Amino acid sequence: MHGTYKIIRIQEHPELVNDAAAWFHQKWDYPEEAYIASMKECLQRETDVPQWYVVMDGCNIIAGLGVIENDFHDRKDLTPNVSSVFVEEEYRRQGIAGEMLRFVCDEFAACGINTLFLVTDHTSFYERYGWTFLCMVQGDGEPEMTRLYRHEMAGNAAGCAKRL
């Protein structure tokens with residue numbers, strides 16, 4: 001990833017909650033209040049999820065993602081889920097999404113969480129980063145089935161409390 005970009009854990013930067021929630025809302029049209037509530041939950045540090053991350057270029061959010069219990073699909077047993085992955089168009093094709101995914105996978109593996117899931121309509125993007133197609137799932141309120149991917153990592157719980 002380009003040297004001037006920085007992955008920020010919302011958990012360590014509560015001052016970014018409102019800006020990050022507004023940014024995610026703008027990208028995904030999910031209620032801003034729901035993003036704020038989830039980010040405030042991650043600030044409490046009581047559970048592994050939810051966790052939220054943004055990539056900054058100076059003072060601007062250029063990318064982000066979350067890790068939540070379930071990304072609104074019918075397979076509640078497949079958890080936690082990477083959610084809301086987005087990179088601003090002018091920053092795409094620079095490896096930012098791959099770096100965010102690697103960063104999050106490394107953090108969760110360090111806590112002993114060795115499998116992450118995500119739902120997507122993309123058919124080849126995530127495979128580049130070690131994700132494998134698992135099955136089709138029914139999204140809450142969605143007429144069509146969507147693809148669910150899995151990423152398995154080697155884990156080690158050392159240092160977990162420091163990170164999540």
# chains A, B, ... in the order shown; residues from 1 in each chain; ligands from 1
>>> residues_around(residues="His122 (chain A)", least_positions_apart="2", cutoff="12 Å", atoms="only C-alpha atoms", output="list in words")
Val85, Leu118, Val119, Thr120, Ser124, Phe125, Tyr126, Glu127, Arg128, Trp131, Thr132, Phe133, Thr146, Arg147, Leu148 and Tyr149 of chain A
>>> select_by_dssp(residues="region 9-105 of chain A", states="strand (DSSP E)", output="list in words")
Arg9, Gln51, Trp52, Tyr53, Val54, Val55, Met56, Asp57, Asn60, Ile61, Ile62, Ala63, Gly64, Leu65, Gly66, Val67, Ile68, Asn81, Val82, Ser83, Ser84, Val85, Phe86 and Val87 of chain A
>>> atom_distance(atom1="CA of Arg150 (chain A)", atom2="CA of Phe103 (chain A)")
15.7 Å
>>> residues_around(residues="Thr115 (chain A)", least_positions_apart="6", cutoff="12 Å", atoms="only C-alpha atoms", output="list in words")
Val67, Asp77, Leu78, Thr79, Pro80, Asn81, Val82, Val104, Cys105, Asp106, Glu107, Phe108, Ala109, Gly130, Trp131, Thr132, Leu134, Tyr149, Arg150, His151, Glu152, Met153, Ala154 and Gly155 of chain A
>>> atom_distance(atom1="CA of Thr47 (chain A)", atom2="CA of Gln138 (chain A)")
26.2 Å
>>> residues_around(residues="region 26-32 of chain A", least_positions_apart="6", cutoff="9 Å", atoms="only C-alpha atoms", output="VMD selection string")
chain A and resid 18 84 86
>>> closest_residue(among="A:Met145, A:Val17, A:Asp48, A:Arg92", to="Cys111 (chain A)", atoms="only C-alpha atoms")
A:Asp48
>>> closest_residue(among="A:Ile36, A:Ile62, A:Val55, A:Val137", to="Lys76 (chain A)", atoms="only C-alpha atoms")
A:Val137
>>> residues_around(residues="Val49 (chain A)", least_positions_apart="2", cutoff="9 Å", atoms="only C-alpha atoms", output="list in words")
Glu41, Cys42, Arg45, Glu46, Thr47, Gln51, Trp52, Gly66, Val67, Ile68, Glu69, Pro80 and Leu164 of chain A
>>> atom_distance(atom1="CA of Trp23 (chain A)", atom2="CA of Ile7 (chain A)")
15.1 Å
>>> closest_residue(among="A:Ala97, A:Asn114, A:Tyr35, A:Thr123", to="Met136 (chain A)", atoms="only C-alpha atoms")
A:Thr123
>>> select_by_dssp(residues="region 35-99 of chain A", states="helix (DSSP H, G or I)", output="number ranges by chain")
A: 35-43, 89-91, 96-99
>>> write_last_selection(atoms="N, CA, C and O atoms", output="short mmCIF file (atom, residue, chain, number, x, y, z; two decimals), in the first residue's frame")
data_model
loop_
_atom_site.label_atom_id
_atom_site.label_comp_id
_atom_site.auth_asym_id
_atom_site.auth_seq_id
_atom_site.Cartn_x
_atom_site.Cartn_y
_atom_site.Cartn_z
N TYR A 35 -24.42 2.59 11.93
CA TYR A 35 -22.96 2.57 11.92
C TYR A 35 -22.41 3.18 13.22
O TYR A 35 -21.49 2.64 13.83
N ILE A 36 -22.99 4.30 13.65
CA ILE A 36 -22.53 4.93 14.89
C ILE A 36 -22.70 3.97 16.06
O ILE A 36 -21.78 3.80 16.87
N ALA A 37 -23.85 3.32 16.16
CA ALA A 37 -24.09 2.38 17.26
C ALA A 37 -23.09 1.24 17.25
O ALA A 37 -22.54 0.86 18.29
N SER A 38 -22.81 0.69 16.08
CA SER A 38 -21.87 -0.41 15.97
C SER A 38 -20.45 0.04 16.32
O SER A 38 -19.72 -0.66 17.02
N MET A 39 -20.07 1.23 15.86
CA MET A 39 -18.74 1.74 16.18
C MET A 39 -18.60 2.05 17.66
O MET A 39 -17.55 1.79 18.26
N LYS A 40 -19.65 2.57 18.27
CA LYS A 40 -19.60 2.82 19.72
C LYS A 40 -19.49 1.51 20.49
O LYS A 40 -18.81 1.45 21.52
N GLU A 41 -20.14 0.47 19.98
CA GLU A 41 -20.01 -0.84 20.61
C GLU A 41 -18.57 -1.33 20.55
O GLU A 41 -18.05 -1.89 21.51
N CYS A 42 -17.90 -1.10 19.42
CA CYS A 42 -16.50 -1.55 19.31
C CYS A 42 -15.59 -0.76 20.25
O CYS A 42 -14.58 -1.29 20.71
N LEU A 43 -15.96 0.46 20.58
CA LEU A 43 -15.14 1.26 21.51
C LEU A 43 -15.14 0.69 22.92
O LEU A 43 -14.21 0.92 23.68
N GLU A 89 -13.09 5.32 -5.63
CA GLU A 89 -12.75 4.95 -7.01
C GLU A 89 -11.36 5.41 -7.43
O GLU A 89 -10.61 4.65 -8.04
N GLU A 90 -10.98 6.63 -7.10
CA GLU A 90 -9.68 7.14 -7.53
C GLU A 90 -8.50 6.46 -6.84
O GLU A 90 -7.35 6.64 -7.23
N TYR A 91 -8.78 5.66 -5.80
CA TYR A 91 -7.73 4.96 -5.06
C TYR A 91 -7.70 3.46 -5.38
O TYR A 91 -6.90 2.72 -4.79
N ILE A 96 -5.08 -1.37 -1.97
CA ILE A 96 -5.61 -0.92 -0.68
C ILE A 96 -6.59 -1.94 -0.10
O ILE A 96 -6.51 -2.28 1.08
N ALA A 97 -7.51 -2.42 -0.91
CA ALA A 97 -8.47 -3.42 -0.41
C ALA A 97 -7.75 -4.66 0.08
O ALA A 97 -8.06 -5.19 1.15
N GLY A 98 -6.79 -5.13 -0.68
CA GLY A 98 -6.03 -6.31 -0.27
C GLY A 98 -5.27 -6.09 1.02
O GLY A 98 -5.22 -6.97 1.89
N GLU A 99 -4.72 -4.90 1.18
CA GLU A 99 -3.99 -4.58 2.42
C GLU A 99 -4.93 -4.51 3.60
O GLU A 99 -4.61 -5.00 4.69
#
